[in-house]
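K.L.:
Handing you a structure now.
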Amino acid sequence: MPIKPKKYDGYRSFSYLEEEKDYKPYKLAREYDRVEPFMYPVSKDEEEKVEKFMDENLVISLHEHTFVTPDDLSQIFEFRRQGRDWTGYEGLSKSGLDVVFENFMDGTAFITSNAGWKWNDVLHDLGIRYSDFAHQELVIRAETTEDIYRAKKEGKIAF
């Protein structure tokens, strides 16, 4: 079943910054089609029902980490210590989701220590991600239920 994509303008995380000067660039993993998709066989009628359901209702994920990892996972600790998680906007635009409860770096916020969950690391993570959100048009930082409904209406995703 084709999922109606969200309005994605091509923005990539931190494109407002300078590579090498503001951050170390990494070759990142693909945001979608990394594994062969499986399409569950349904009738045309069933497909239309699902599409109608998705159009008329909020599709919510209650636990996501929407960052993109380095293609070479042996670089993940160095990448995470940089404190710049790249949000997978392109992948999200194709996900069918309307609302995401983003869990950010969660227990892997080890910018300043190997232990994670340090106060300054958590604040850094939130600030950097919110700054990145402010530079793009796909994700709306939802603070109220009205923000969630607005995101759905505008073809965006509420975080």
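Chain identifiers are assigned as A, B, and so on, following the order in which chains appear in the structure tokens; residues are numbered from 1 within each chain, and ligands are numbered from 1 in order of appearance.
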Find the residues near Ser113 in chain A: any atom within 12 Å, counting only C-alpha atoms, skip ones fewer than 2 places away on the same chain, and give them as a ChimeraX atom specification.
P.N.:
/A:77-78,80-83,107-111,115-122
K.L.:
If we count only C-alpha atoms, what is near Asn103 in chain A at a cut-off of 6 Å, once residues fewer than 2 positions away on the same chain are taken out, given as a list in words?
P.N.:
Glu64, His65 and Asp106 of chain A
K.L.:
Keeping only N, CA and C atoms, write the selected residues to a file as an mmCIF file, in the first residue's frame.
P.N.:
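What ended up in selection32.cif:
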```cif
data_model
loop_
_atom_site.group_PDB
_atom_site.id
_atom_site.type_symbol
_atom_site.label_atom_id
_atom_site.label_comp_id
_atom_site.auth_asym_id
_atom_site.auth_seq_id
_atom_site.Cartn_x
_atom_site.Cartn_y
_atom_site.Cartn_z
ATOM 1 N N GLU A 64 10.187 6.592 19.679
ATOM 2 C CA GLU A 64 11.073 6.622 18.507
ATOM 3 C C GLU A 64 12.388 7.300 18.843
ATOM 4 N N HIS A 65 13.418 6.892 18.158
ATOM 5 C CA HIS A 65 14.712 7.577 18.125
ATOM 6 C C HIS A 65 14.931 7.850 16.638
ATOM 7 N N ASP A 106 18.368 9.594 24.667
ATOM 8 C CA ASP A 106 17.977 8.667 25.716
ATOM 9 C C ASP A 106 19.185 8.348 26.584
#
```
K.L.:
Compare A:Asn114, A:Thr66, A:Ser93, A:Ser15 by their minimum atom-to-atom distance to Leu138 in chain A, counting only C-alpha atoms, and give me the closest one.
P.N.:
A:Ser93
K.L.:
Please give the complete set of residues from range 1-154 of chain A that DSSP, run on the backbone, assigns to strand (DSSP E), formatted as a list in words.
P.N.:
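Strand (DSSP E) assignments inside range 1-154 of chain A correspond to Ile60, Ser61, Leu62, His63, Glu64, Phe67, Val68, Trp86, Thr87, Val99, Val100, Phe101, Glu102, Val139 and Ile140 of chain A.
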K.L.:
Limited to C-alpha atoms, could you put the picked residues into a file as a tab-separated table (two decimals), in the first residue's frame?
P.N.:
```tsv
chain	number	residue	atom	x	y	z
A	60	ILE	CA	1.17	7.92	16.49
A	61	SER	CA	4.43	6.28	17.51
A	62	LEU	CA	4.96	6.43	21.26
A	63	HIS	CA	8.69	5.58	21.26
A	64	GLU	CA	11.07	6.62	18.51
A	67	PHE	CA	18.35	9.96	14.44
A	68	VAL	CA	20.40	8.56	11.59
A	86	TRP	CA	20.96	13.88	12.47
A	87	THR	CA	17.19	13.52	12.25
A	99	VAL	CA	2.93	12.13	15.68
A	100	VAL	CA	6.25	10.97	17.12
A	101	PHE	CA	7.23	10.81	20.76
A	102	GLU	CA	10.96	11.41	20.21
A	139	VAL	CA	8.51	18.57	11.95
A	140	ILE	CA	6.41	20.70	14.29
```
K.L.:
Which parts of range 70-155 of chain A does DSSP call helix (DSSP H, G or I) when run on the backbone here, written out as an NGL selection string?
P.N.:
:A and (73-81 or 89-93 or 106-108 or 119-133 or 145-153)
K.L.:
Emit the selected residues as a compact mmCIF listing (two decimals), in the first residue's frame, including C-alpha atoms.
P.N.:
```
# COMPACT_ATOMS: atom_id res chain seq x y z
CA LEU A 73 28.55 1.47 13.02
CA SER A 74 32.07 1.17 14.42
CA GLN A 75 31.98 5.00 14.42
CA ILE A 76 28.82 5.26 16.55
CA PHE A 77 30.49 6.23 19.86
CA GLU A 78 32.65 8.92 18.26
CA PHE A 79 29.58 10.14 16.34
CA ARG A 80 27.40 10.28 19.48
CA ARG A 81 30.07 12.16 21.45
CA TYR A 89 13.59 13.79 7.93
CA GLU A 90 13.43 12.09 4.54
CA GLY A 91 12.66 8.70 6.09
CA LEU A 92 10.10 10.26 8.41
CA SER A 93 8.37 11.90 5.46
CA ASP A 106 17.98 8.67 25.72
CA GLY A 107 20.57 6.73 27.74
CA THR A 108 23.28 7.19 25.11
CA TRP A 119 22.38 16.81 33.00
CA ASN A 120 24.51 18.93 30.63
CA ASP A 121 24.44 16.23 27.96
CA VAL A 122 20.65 16.02 28.09
CA LEU A 123 20.30 19.82 27.87
CA HIS A 124 22.82 19.92 25.00
CA ASP A 125 20.92 17.18 23.16
CA LEU A 126 17.57 18.97 23.53
CA GLY A 127 19.01 22.34 22.51
CA ILE A 128 20.84 21.03 19.44
CA ARG A 129 17.85 19.00 18.23
CA TYR A 130 15.41 21.88 18.81
CA SER A 131 17.77 24.18 16.91
CA ASP A 132 17.80 21.72 14.03
CA PHE A 133 13.98 21.48 14.12
CA THR A 145 -2.94 18.94 21.23
CA GLU A 146 -3.77 21.76 18.82
CA ASP A 147 -0.19 21.51 17.50
CA ILE A 148 -0.74 17.80 16.81
CA TYR A 149 -3.93 18.44 14.84
CA ARG A 150 -2.27 21.32 12.98
CA ALA A 151 0.62 19.07 11.94
CA LYS A 152 -1.81 16.47 10.54
CA LYS A 153 -3.79 19.15 8.68
```
K.L.:
Which residue out of A:Thr69, A:Ser43, A:Asn57, A:Thr112 has the minimum interatomic distance to Gly88 in chain A when only C-alpha atoms are used?
P.N.:
A:Thr69
K.L.:
For Tyr8 in chain A, which of A:Asp45, A:Val59, A:Glu154, A:Ala29 is the closest residue, counting only C-alpha atoms?
P.N.:
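Ranked by minimum distance to Tyr8 in chain A, first place goes to A:Glu154.
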K.L.:
Rank nothing, just name the residue among A:Asp85, A:Glu143, A:Asp98, A:Glu51 nearest to Arg12 in chain A, using only C-alpha atoms.
P.N.:
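The answer is A:Asp85, which sits nearest to Arg12 in chain A.
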K.L.:
Between CA of Gln136 in chain A and CA of Phe14 in chain A, what is the spacing in Å?
P.N.:
9.8 Å
K.L.:
What does the structure give for the distance between CA of Val50 in chain A and CA of Pro37 in chain A, in Å to one decimal?
P.N.:
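Between CA of Val50 in chain A and CA of Pro37 in chain A the gap is 17.9 Å.
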K.L.:
If you measure from CA of Arg30 in chain A to CA of Lys94 in chain A, what distance in Å do you get, rounded to one decimal?
P.N.:
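Interatomic distance here is 12.9 Å.
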